[in-house]
file start25.json (JSON, C-alpha atoms)
[["chain", "number", "residue", "atom", "x", "y", "z"],
["F", 1, "MET", "CA", -26.86, -11.83, 10.93],
["F", 2, "ALA", "CA", -30.10, -12.16, 8.94],
["F", 3, "LYS", "CA", -32.17, -11.70, 12.10],
["F", 4, "ASP", "CA", -31.06, -8.04, 12.25],
["F", 5, "PHE", "CA", -32.46, -7.27, 8.80],
["F", 6, "ASP", "CA", -36.02, -6.61, 7.72],
["F", 7, "LEU", "CA", -36.79, -9.59, 5.47],
["F", 8, "SER", "CA", -39.82, -7.86, 3.96],
["F", 9, "GLY", "CA", -37.65, -6.54, 1.14],
["F", 10, "HIS", "CA", -37.12, -3.07, 2.60],
["F", 11, "LEU", "CA", -33.66, -1.81, 3.43],
["F", 12, "PRO", "CA", -32.90, -1.20, 7.14],
["F", 13, "ASP", "CA", -33.05, 2.38, 8.37],
["F", 14, "PHE", "CA", -29.28, 2.85, 8.48],
["F", 15, "PHE", "CA", -29.20, 2.42, 4.69],
["F", 16, "THR", "CA", -31.81, 5.09, 4.04],
["F", 17, "ASN", "CA", -31.08, 7.69, 6.71],
["F", 18, "ALA", "CA", -28.88, 10.68, 5.90],
["F", 19, "GLY", "CA", -25.40, 9.29, 6.41],
["F", 20, "THR", "CA", -21.76, 10.18, 6.52],
["F", 21, "SER", "CA", -19.23, 10.60, 3.73],
["F", 22, "SER", "CA", -17.05, 8.02, 5.49],
["F", 23, "PHE", "CA", -17.79, 4.41, 4.55],
["F", 24, "THR", "CA", -15.73, 3.24, 7.52],
["F", 25, "GLN", "CA", -17.92, 5.29, 9.86],
["F", 26, "PHE", "CA", -21.00, 3.81, 8.21],
["F", 27, "LEU", "CA", -19.71, 0.29, 8.91],
["F", 28, "THR", "CA", -18.82, 1.29, 12.48],
["F", 29, "GLU", "CA", -22.44, 2.29, 13.10],
["F", 30, "SER", "CA", -24.16, -0.50, 11.15],
["F", 31, "ARG", "CA", -21.89, -3.55, 11.06],
["F", 32, "PRO", "CA", -18.78, -2.94, 13.21],
["F", 33, "GLU", "CA", -17.89, -6.64, 13.21],
["F", 34, "LEU", "CA", -17.08, -6.37, 9.48],
["F", 35, "LEU", "CA", -14.18, -3.99, 10.11],
["F", 36, "PRO", "CA", -10.76, -5.71, 10.08],
["F", 37, "GLY", "CA", -9.84, -4.57, 13.59],
["F", 38, "ARG", "CA", -13.19, -5.39, 15.21],
["F", 39, "ARG", "CA", -13.22, -9.15, 14.74],
["F", 40, "PRO", "CA", -12.80, -11.28, 17.88],
["F", 41, "LEU", "CA", -9.48, -13.13, 18.01],
["F", 42, "PRO", "CA", -8.36, -16.08, 20.13],
["F", 43, "PRO", "CA", -6.04, -15.21, 23.02],
["F", 44, "GLY", "CA", -2.29, -15.17, 22.43],
["F", 45, "LEU", "CA", -0.10, -14.13, 19.52],
["F", 46, "SER", "CA", -1.23, -14.99, 16.00],
["F", 47, "ALA", "CA", 1.67, -13.67, 13.94],
["F", 48, "ASP", "CA", 2.97, -17.07, 12.81],
["F", 49, "ILE", "CA", -0.33, -18.40, 11.46],
["F", 50, "ALA", "CA", -0.80, -15.87, 8.64],
["F", 51, "PRO", "CA", 1.35, -14.99, 5.62],
["F", 52, "HIS", "CA", 3.27, -11.71, 5.85],
["F", 53, "ALA", "CA", 3.89, -9.28, 3.03],
["F", 54, "THR", "CA", 7.33, -7.71, 3.05],
["F", 55, "THR", "CA", 9.05, -4.82, 1.25],
["F", 56, "ILE", "CA", 7.56, -1.72, -0.42],
["F", 57, "VAL", "CA", 9.45, 1.36, -1.65],
["F", 58, "ALA", "CA", 8.15, 4.77, -2.76],
["F", 59, "ILE", "CA", 10.09, 7.52, -4.53],
["F", 60, "ALA", "CA", 9.04, 11.13, -5.19],
["F", 61, "THR", "CA", 9.75, 12.28, -8.74],
["F", 62, "SER", "CA", 9.53, 15.53, -10.66],
["F", 63, "GLU", "CA", 6.21, 14.29, -12.12],
["F", 64, "GLY", "CA", 4.70, 12.60, -9.06],
["F", 65, "VAL", "CA", 5.59, 9.33, -7.31],
["F", 66, "VAL", "CA", 6.72, 5.80, -8.09],
["F", 67, "MET", "CA", 5.88, 2.86, -5.80],
["F", 68, "ALA", "CA", 7.19, -0.69, -6.08],
["F", 69, "GLY", "CA", 6.75, -3.88, -4.09],
["F", 70, "ASP", "CA", 8.37, -7.29, -4.15],
["F", 71, "ARG", "CA", 6.16, -10.35, -4.70],
["F", 72, "ARG", "CA", 7.06, -12.63, -1.78],
["F", 73, "ALA", "CA", 4.90, -13.47, 1.24],
["F", 74, "THR", "CA", 6.35, -15.49, 4.09],
["F", 75, "MET", "CA", 4.95, -17.58, 6.95],
["F", 76, "GLY", "CA", 7.65, -18.10, 9.51],
["F", 77, "ASN", "CA", 10.63, -19.57, 7.65],
["F", 78, "LEU", "CA", 8.47, -20.70, 4.71],
["F", 79, "ILE", "CA", 7.62, -18.90, 1.47],
["F", 80, "ALA", "CA", 3.82, -18.69, 1.50],
["F", 81, "SER", "CA", 3.51, -17.04, -1.91],
["F", 82, "ARG", "CA", 5.92, -16.00, -4.65],
["F", 83, "ASP", "CA", 3.61, -13.71, -6.60],
["F", 84, "ILE", "CA", 1.47, -11.72, -4.15],
["F", 85, "GLU", "CA", 0.70, -8.15, -5.26],
["F", 86, "LYS", "CA", 1.22, -5.55, -2.52],
["F", 87, "VAL", "CA", 1.02, -2.27, -4.49],
["F", 88, "HIS", "CA", -2.38, -1.02, -5.70],
["F", 89, "THR", "CA", -4.16, 2.13, -6.78],
["F", 90, "ALA", "CA", -5.96, 3.89, -3.94],
["F", 91, "ASP", "CA", -7.82, 6.14, -6.36],
["F", 92, "ALA", "CA", -7.13, 7.87, -9.68],
["F", 93, "TYR", "CA", -4.11, 9.82, -8.38],
["F", 94, "SER", "CA", -2.72, 7.86, -5.42],
["F", 95, "LEU", "CA", -1.13, 4.52, -4.55],
["F", 96, "ILE", "CA", -1.06, 2.27, -1.50],
["F", 97, "GLY", "CA", 1.35, -0.51, -0.58],
["F", 98, "ILE", "CA", 1.01, -2.87, 2.36],
["F", 99, "ALA", "CA", 3.45, -4.72, 4.61],
["F", 100, "GLY", "CA", 2.66, -6.97, 7.55],
["F", 101, "THR", "CA", -0.15, -9.51, 7.84],
["F", 102, "ALA", "CA", -1.11, -10.04, 4.20],
["F", 103, "GLY", "CA", -4.80, -10.90, 4.62],
["F", 104, "ILE", "CA", -5.58, -7.93, 6.85],
["F", 105, "GLY", "CA", -3.44, -5.66, 4.72],
["F", 106, "ILE", "CA", -5.31, -6.54, 1.52],
["F", 107, "GLU", "CA", -8.65, -6.11, 3.29],
["F", 108, "LEU", "CA", -7.56, -2.74, 4.70],
["F", 109, "MET", "CA", -6.42, -1.63, 1.25],
["F", 110, "ARG", "CA", -9.75, -2.59, -0.34],
["F", 111, "LEU", "CA", -11.68, -0.84, 2.43],
["F", 112, "PHE", "CA", -9.58, 2.28, 1.84],
["F", 113, "GLN", "CA", -10.39, 2.17, -1.88],
["F", 114, "VAL", "CA", -14.11, 2.00, -1.05],
["F", 115, "GLU", "CA", -13.68, 4.79, 1.52],
["F", 116, "LEU", "CA", -12.28, 7.17, -1.10],
["F", 117, "GLU", "CA", -14.86, 6.20, -3.73],
["F", 118, "HIS", "CA", -17.70, 6.58, -1.21],
["F", 119, "TYR", "CA", -16.50, 10.06, -0.23],
["F", 120, "GLU", "CA", -16.43, 11.17, -3.88],
["F", 121, "LYS", "CA", -19.96, 9.88, -4.49],
["F", 122, "ILE", "CA", -21.39, 11.54, -1.39],
["F", 123, "GLU", "CA", -19.50, 14.84, -1.54],
["F", 124, "GLY", "CA", -19.14, 15.16, -5.31],
["F", 125, "THR", "CA", -15.44, 15.96, -5.01],
["F", 126, "MET", "CA", -12.16, 14.20, -4.28],
["F", 127, "LEU", "CA", -10.48, 14.30, -0.88],
["F", 128, "SER", "CA", -7.21, 16.22, -0.68],
["F", 129, "LEU", "CA", -4.06, 14.12, -0.45],
["F", 130, "ASP", "CA", -3.72, 15.08, 3.22],
["F", 131, "GLY", "CA", -7.34, 14.09, 3.78],
["F", 132, "LYS", "CA", -6.75, 10.68, 2.20],
["F", 133, "ALA", "CA", -3.68, 10.09, 4.38],
["F", 134, "ASN", "CA", -5.63, 11.06, 7.52],
["F", 135, "ARG", "CA", -8.47, 8.68, 6.63],
["F", 136, "LEU", "CA", -5.97, 5.86, 6.17],
["F", 137, "ALA", "CA", -4.31, 6.68, 9.52],
["F", 138, "GLY", "CA", -7.67, 6.29, 11.25],
["F", 139, "MET", "CA", -8.20, 2.90, 9.63],
["F", 140, "VAL", "CA", -4.75, 1.70, 10.74],
["F", 141, "ARG", "CA", -5.53, 2.91, 14.26],
["F", 142, "GLY", "CA", -8.70, 0.83, 14.21],
["F", 143, "ASN", "CA", -6.62, -2.32, 13.75],
["F", 144, "LEU", "CA", -4.50, -1.67, 16.86],
["F", 145, "GLY", "CA", -6.11, -4.48, 18.89],
["F", 146, "ALA", "CA", -5.23, -7.08, 16.26],
["F", 147, "ALA", "CA", -1.77, -5.55, 15.87],
["F", 148, "MET", "CA", -1.10, -6.12, 19.55],
["F", 149, "GLN", "CA", -1.81, -9.83, 18.96],
["F", 150, "GLY", "CA", 0.71, -10.00, 16.15],
["F", 151, "LEU", "CA", -1.60, -9.29, 13.19],
["F", 152, "ALA", "CA", -0.12, -5.89, 12.39],
["F", 153, "VAL", "CA", -0.31, -4.19, 9.01],
["F", 154, "VAL", "CA", 1.52, -1.00, 8.04],
["F", 155, "PRO", "CA", 0.72, 0.76, 4.76],
["F", 156, "LEU", "CA", 2.74, 3.15, 2.63],
["F", 157, "PHE", "CA", 0.69, 5.82, 0.88],
["F", 158, "ALA", "CA", 1.81, 8.15, -1.92],
["F", 159, "GLY", "CA", 0.19, 10.26, -4.58],
["F", 160, "PHE", "CA", 0.10, 13.30, -6.81],
["F", 161, "ASP", "CA", -0.91, 16.52, -5.03],
["F", 162, "PHE", "CA", -2.89, 19.00, -7.13],
["F", 163, "ALA", "CA", -2.45, 21.76, -4.53],
["F", 164, "PRO", "CA", 1.04, 21.39, -3.03],
["F", 165, "VAL", "CA", 2.40, 23.95, -0.61],
["F", 166, "ASP", "CA", 5.72, 23.59, -2.43],
["F", 167, "PRO", "CA", 5.17, 23.55, -6.23],
["F", 168, "GLY", "CA", 8.34, 21.50, -6.58],
["F", 169, "ARG", "CA", 6.90, 18.66, -4.46],
["F", 170, "VAL", "CA", 3.87, 17.42, -6.38],
["F", 171, "GLY", "CA", 4.69, 13.85, -5.37],
["F", 172, "ARG", "CA", 4.18, 13.18, -1.66],
["F", 173, "ILE", "CA", 4.79, 10.08, 0.48],
["F", 174, "PHE", "CA", 3.18, 9.19, 3.82],
["F", 175, "SER", "CA", 4.20, 6.45, 6.25],
["F", 176, "PHE", "CA", 2.36, 5.11, 9.31],
["F", 177, "ASP", "CA", 3.03, 3.21, 12.52],
["F", 178, "VAL", "CA", 0.82, 0.45, 13.94],
["F", 179, "ALA", "CA", -0.93, 2.94, 16.24],
["F", 180, "GLY", "CA", -2.05, 5.08, 13.30],
["F", 181, "GLY", "CA", 0.72, 7.68, 13.57],
["F", 182, "LEU", "CA", 1.05, 9.61, 10.30],
["F", 183, "TYR", "CA", 4.38, 10.89, 8.97],
["F", 184, "GLU", "CA", 5.20, 12.64, 5.73],
["F", 185, "GLU", "CA", 8.46, 11.48, 4.20],
["F", 186, "THR", "CA", 10.87, 13.48, 2.05],
["F", 187, "GLY", "CA", 12.15, 12.07, -1.22],
["F", 188, "TYR", "CA", 11.69, 8.35, -0.60],
["F", 189, "ASP", "CA", 10.67, 5.76, 1.97],
["F", 190, "ALA", "CA", 10.33, 2.00, 2.42],
["F", 191, "ILE", "CA", 8.39, -0.32, 4.71],
["F", 192, "GLY", "CA", 8.58, -4.00, 5.56],
["F", 193, "SER", "CA", 11.30, -6.37, 6.68],
["F", 194, "GLY", "CA", 13.69, -5.33, 3.91],
["F", 195, "SER", "CA", 13.09, -1.60, 4.33],
["F", 196, "LEU", "CA", 16.39, -0.97, 6.12],
["F", 197, "PHE", "CA", 18.37, -2.27, 3.14],
["F", 198, "ALA", "CA", 16.08, -0.65, 0.55],
["F", 199, "LYS", "CA", 16.38, 2.77, 2.19],
["F", 200, "SER", "CA", 20.14, 2.38, 2.48],
["F", 201, "ALA", "CA", 20.30, 1.75, -1.27],
["F", 202, "LEU", "CA", 18.09, 4.75, -2.05],
["F", 203, "LYS", "CA", 20.07, 6.97, 0.32],
["F", 204, "LYS", "CA", 23.13, 6.56, -1.90],
["F", 205, "LYS", "CA", 21.45, 7.00, -5.28],
["F", 206, "TYR", "CA", 18.36, 9.17, -4.87],
["F", 207, "ARG", "CA", 18.52, 12.76, -6.09],
["F", 208, "SER", "CA", 15.79, 15.38, -5.81],
["F", 209, "GLY", "CA", 13.93, 15.97, -9.08],
["F", 210, "VAL", "CA", 14.55, 12.48, -10.45],
["F", 211, "GLY", "CA", 12.39, 11.54, -13.43],
["F", 212, "THR", "CA", 9.84, 8.73, -13.43],
["F", 213, "ASP", "CA", 11.89, 6.35, -15.61],
["F", 214, "GLU", "CA", 14.98, 6.73, -13.44],
["F", 215, "ALA", "CA", 12.88, 6.32, -10.27],
["F", 216, "VAL", "CA", 11.55, 3.01, -11.62],
["F", 217, "ARG", "CA", 15.13, 1.77, -12.03],
["F", 218, "LEU", "CA", 16.04, 3.02, -8.52],
["F", 219, "ALA", "CA", 13.01, 1.25, -7.02],
["F", 220, "VAL", "CA", 13.88, -2.09, -8.62],
["F", 221, "GLU", "CA", 17.51, -1.75, -7.52],
["F", 222, "ALA", "CA", 16.39, -0.97, -3.96],
["F", 223, "LEU", "CA", 14.22, -4.11, -3.91],
["F", 224, "TYR", "CA", 17.14, -6.12, -5.31],
["F", 225, "ASP", "CA", 19.35, -4.90, -2.45],
["F", 226, "ALA", "CA", 16.62, -5.67, 0.08],
["F", 227, "ALA", "CA", 16.28, -9.22, -1.28],
["F", 228, "ASP", "CA", 20.05, -9.62, -1.17],
["F", 229, "ASP", "CA", 20.10, -9.19, 2.63],
["F", 230, "ASP", "CA", 16.55, -10.02, 3.77],
["F", 231, "THR", "CA", 15.26, -13.56, 3.29],
["F", 232, "ALA", "CA", 11.63, -12.42, 3.46],
["F", 233, "THR", "CA", 12.01, -10.14, 0.41],
["F", 234, "GLY", "CA", 11.87, -11.65, -3.06],
["F", 235, "GLY", "CA", 14.07, -10.25, -5.82],
["F", 236, "PRO", "CA", 13.33, -10.41, -9.57],
["F", 237, "ASP", "CA", 12.74, -14.07, -10.46],
["F", 238, "LEU", "CA", 13.94, -14.39, -14.04],
["F", 239, "THR", "CA", 13.31, -18.14, -14.14],
["F", 240, "ARG", "CA", 9.62, -17.91, -13.21],
["F", 241, "LYS", "CA", 9.28, -14.43, -14.76],
["F", 242, "ILE", "CA", 8.01, -12.94, -11.51],
["F", 243, "TYR", "CA", 8.93, -9.28, -11.24],
["F", 244, "PRO", "CA", 8.14, -6.47, -8.76],
["F", 245, "VAL", "CA", 4.87, -4.59, -9.14],
["F", 246, "VAL", "CA", 5.80, -1.02, -10.10],
["F", 247, "MET", "CA", 3.27, 1.82, -10.39],
["F", 248, "SER", "CA", 3.40, 5.58, -10.82],
["F", 249, "ALA", "CA", 1.00, 8.41, -9.98],
["F", 250, "THR", "CA", 1.22, 11.68, -11.91],
["F", 251, "ALA", "CA", -1.08, 14.45, -13.15],
["F", 252, "ASN", "CA", -2.20, 11.98, -15.83],
["F", 253, "GLY", "CA", -3.37, 9.45, -13.24],
["F", 254, "THR", "CA", -1.95, 6.14, -12.07],
["F", 255, "HIS", "CA", -0.07, 3.72, -14.30],
["F", 256, "ARG", "CA", 1.16, 0.19, -13.74],
["F", 257, "LEU", "CA", 4.21, -0.90, -15.69],
["F", 258, "SER", "CA", 3.44, -3.77, -18.03],
["F", 259, "GLU", "CA", 5.17, -7.13, -17.76],
["F", 260, "THR", "CA", 7.28, -6.21, -20.79],
["F", 261, "GLU", "CA", 8.34, -2.88, -19.27],
["F", 262, "ILE", "CA", 9.25, -4.23, -15.85],
["F", 263, "ASN", "CA", 10.91, -7.27, -17.42],
["F", 264, "ALA", "CA", 13.32, -5.00, -19.29],
["F", 265, "VAL", "CA", 14.15, -3.00, -16.16],
["F", 266, "ALA", "CA", 14.59, -6.09, -13.96],
["F", 267, "GLU", "CA", 16.83, -7.85, -16.47],
["F", 268, "ALA", "CA", 18.96, -4.71, -16.81],
["F", 269, "VAL", "CA", 19.35, -4.50, -13.01],
["F", 270, "VAL", "CA", 20.29, -8.19, -12.72],
["F", 271, "ALA", "CA", 22.75, -7.90, -15.64],
["F", 272, "GLY", "CA", 24.38, -4.91, -13.98],
["F", 273, "ARG", "CA", 24.75, -6.82, -10.70],
["F", 274, "MET", "CA", 26.38, -9.73, -12.54],
["F", 275, "GLU", "CA", 29.23, -7.35, -13.36],
["F", 276, "ASN", "CA", 29.14, -5.46, -10.04],
["F", 277, "PRO", "CA", 27.33, -7.44, -7.29],
["F", 278, "GLY", "CA", 27.63, -4.56, -4.83],
["F", 279, "GLY", "CA", 25.69, -2.21, -7.09]]

call {"tool": "encode", "arguments": {"input": "start25.json", "output": "structure tokens"}}
result
Amino acid sequence: MAKDFDLSGHLPDFFTNAGTSSFTQFLTESRPELLPGRRPLPPGLSADIAPHATTIVAIATSEGVVMAGDRRATMGNLIASRDIEKVHTADAYSLIGIAGTAGIGIELMRLFQVELEHYEKIEGTMLSLDGKANRLAGMVRGNLGAAMQGLAVVPLFAGFDFAPVDPGRVGRIFSFDVAGGLYEETGYDAIGSGSLFAKSALKKKYRSGVGTDEAVRLAVEALYDAADDDTATGGPDLTRKIYPVVMSATANGTHRLSETEINAVAEAVVAGRMENPGG
């Protein structure tokens, strides 16, 4: 790699030429092998050799969005990690959660964070929420080759929209498929192996215009239901004090619930299920 650089102390031309506002495009032109989907892989399927992140839920609220993720990563029938964090800030007003191959998902998420920060530095303004979702779709599409070999990653993206078409929908949620297809969801969505059960739980309890505090409770309950029926999803672990990561995005920015806050919600959910296991 060093042979491609000028070792005299001067930066190569592609660092000093007028560039693009897309950091991903910059890497494509200068160091394409550093992109997650451009690395050479051995032939055959690789799905069983890497830990997989599982269930993420997102809920639109009257103030913005809430996103929550369980903490379990699996490798085949084994628990690879009990405390992985799958929900992160994308920028000051949006959130991203990842499901699928954990290593590639975390790398994709970090690249997306840099992509949004790079755009703001070059253009002097923030991308629209639709623009952010489209940039993320392109990055997912770039990983298609690896996805076809079993190293798929699917994100869930949500954020606060400062210029919504519908003033009543300031919180918006976007889902993706492995080919980079982009879909806007209404009200709530979930991804990962436990998503079927999480969405079924939300379908019964979600109401339009729900507040942030109630949405946090709904998200934790949805993850509890997912863990109840999906072995790859981890529910609240009161013994080890491992709880879901829960974040919100509103006009005031992003916020991650503290351990004390999520502890109270998780214990309330578990106590309620002790009396009524079916929810």

call {"tool": "atom_distance", "arguments": {"input": "start25.json", "atom1": "CA of Pro155 in chain F", "atom2": "CA of Ser175 in chain F"}}
result
6.8 Å

call {"tool": "closest_residue", "arguments": {"input": "start25.json", "among": "F:Val220, F:Ile104, F:Ile242, F:Leu202", "to": "Gly150 in chain F", "atoms": "all atoms listed in the file"}}
result
F:Ile104

call {"tool": "closest_atom_pairs", "arguments": {"input": "start25.json", "of": "range 166-231 of chain F", "to": "range 75-96 of chain F", "cutoff": "10 Å", "atoms": "only C-alpha atoms", "output": "tab-separated table"}}
result
residue	atom	partner	partner_atom	distance
F:Gly171	CA	F:Ser94	CA	9.5
F:Arg172	CA	F:Ser94	CA	9.5
F:Ile173	CA	F:Leu95	CA	9.6
F:Phe174	CA	F:Ile96	CA	9.7
F:Thr231	CA	F:Asn77	CA	8.8

call {"tool": "residues_around", "arguments": {"input": "start25.json", "residues": "Ala232 in chain F", "least_positions_apart": "2", "cutoff": "8 Å", "atoms": "only C-alpha atoms", "output": "number ranges by chain"}}
result
F: 54, 72-74, 79, 193-194, 227, 230, 234

call {"tool": "write_last_selection", "arguments": {"input": "start25.json", "atoms": "C-alpha atoms", "output": "compact mmCIF listing (two decimals), keeping the file's coordinate frame"}}
result
# COMPACT_ATOMS: atom_id res chain seq x y z
CA THR F 54 7.33 -7.71 3.05
CA ARG F 72 7.06 -12.63 -1.78
CA ALA F 73 4.90 -13.47 1.24
CA THR F 74 6.35 -15.49 4.09
CA ILE F 79 7.62 -18.90 1.47
CA SER F 193 11.30 -6.37 6.68
CA GLY F 194 13.69 -5.33 3.91
CA ALA F 227 16.28 -9.22 -1.28
CA ASP F 230 16.55 -10.02 3.77
CA GLY F 234 11.87 -11.65 -3.06

call {"tool": "residues_around", "arguments": {"input": "start25.json", "residues": "Lys203 in chain F", "least_positions_apart": "5", "cutoff": "10 Å", "atoms": "only C-alpha atoms", "output": "list in words"}}
result
Gly187, Tyr188, Asp189, Phe197, Ala198 and Ala222 of chain F

call {"tool": "closest_residue", "arguments": {"input": "start25.json", "among": "F:Ala179, F:Leu116, F:Leu151, F:Ala158", "to": "Ser248 in chain F", "atoms": "all atoms listed in the file"}}
result
F:Ala158

call {"tool": "atom_distance", "arguments": {"input": "start25.json", "atom1": "CA of Ser208 in chain F", "atom2": "CA of Thr61 in chain F"}}
result
7.4 Å

call {"tool": "closest_residue", "arguments": {"input": "start25.json", "among": "F:Thr233, F:Asn276, F:Ser200, F:Asn134", "to": "Leu218 in chain F", "atoms": "all atoms listed in the file"}}
result
F:Ser200

call {"tool": "atom_distance", "arguments": {"input": "start25.json", "atom1": "CA of Glu267 in chain F", "atom2": "CA of Pro244 in chain F"}}
result
11.7 Å

call {"tool": "closest_residue", "arguments": {"input": "start25.json", "among": "F:Tyr206, F:Phe157, F:Gly103, F:Glu115", "to": "Glu185 in chain F", "atoms": "all atoms listed in the file"}}
result
F:Phe157

call {"tool": "closest_residue", "arguments": {"input": "start25.json", "among": "F:His255, F:Asp225, F:Ala266, F:Asp213", "to": "Lys199 in chain F", "atoms": "all atoms listed in the file"}}
result
F:Asp225

call {"tool": "closest_residue", "arguments": {"input": "start25.json", "among": "F:Tyr183, F:Phe176, F:Phe160, F:Tyr224", "to": "Ser62 in chain F", "atoms": "only C-alpha atoms"}}
result
F:Phe160

call {"tool": "residues_around", "arguments": {"input": "start25.json", "residues": "Val66 in chain F", "least_positions_apart": "2", "cutoff": "6 Å", "atoms": "only C-alpha atoms", "output": "NGL selection string"}}
result
:F and (58-59 or 247-248)

call {"tool": "residues_around", "arguments": {"input": "start25.json", "residues": "Gly279 in chain F", "least_positions_apart": "6", "cutoff": "9 Å", "atoms": "only C-alpha atoms", "output": "short mmCIF file (atom, residue, chain, number, x, y, z; two decimals) with C-alpha atoms, in the coordinates of the input"}}
result
data_model
loop_
_atom_site.label_atom_id
_atom_site.label_comp_id
_atom_site.auth_asym_id
_atom_site.auth_seq_id
_atom_site.Cartn_x
_atom_site.Cartn_y
_atom_site.Cartn_z
CA ALA F 201 20.30 1.75 -1.27
CA GLU F 221 17.51 -1.75 -7.52
CA ASP F 225 19.35 -4.90 -2.45
CA VAL F 269 19.35 -4.50 -13.01
CA GLY F 272 24.38 -4.91 -13.98
CA ARG F 273 24.75 -6.82 -10.70
#

call {"tool": "residues_around", "arguments": {"input": "start25.json", "residues": "Phe112 in chain F", "least_positions_apart": "3", "cutoff": "9 Å", "atoms": "all atoms listed in the file", "output": "PyMOL selection string"}}
result
chain F and resi 23-24+90+107-109+115-117+132+135-136+139

call {"tool": "write_last_selection", "arguments": {"input": "start25.json", "atoms": "C-alpha atoms", "output": "PDB file, in the frame of the given file"}}
result
ATOM      1  CA  PHE F  23     -17.790   4.410   4.550  1.00  0.00           C
ATOM      2  CA  THR F  24     -15.730   3.240   7.520  1.00  0.00           C
ATOM      3  CA  ALA F  90      -5.960   3.890  -3.940  1.00  0.00           C
ATOM      4  CA  GLU F 107      -8.650  -6.110   3.290  1.00  0.00           C
ATOM      5  CA  LEU F 108      -7.560  -2.740   4.700  1.00  0.00           C
ATOM      6  CA  MET F 109      -6.420  -1.630   1.250  1.00  0.00           C
ATOM      7  CA  GLU F 115     -13.680   4.790   1.520  1.00  0.00           C
ATOM      8  CA  LEU F 116     -12.280   7.170  -1.100  1.00  0.00           C
ATOM      9  CA  GLU F 117     -14.860   6.200  -3.730  1.00  0.00           C
ATOM     10  CA  LYS F 132      -6.750  10.680   2.200  1.00  0.00           C
ATOM     11  CA  ARG F 135      -8.470   8.680   6.630  1.00  0.00           C
ATOM     12  CA  LEU F 136      -5.970   5.860   6.170  1.00  0.00           C
ATOM     13  CA  MET F 139      -8.200   2.900   9.630  1.00  0.00           C
TER      14      MET F 139
END
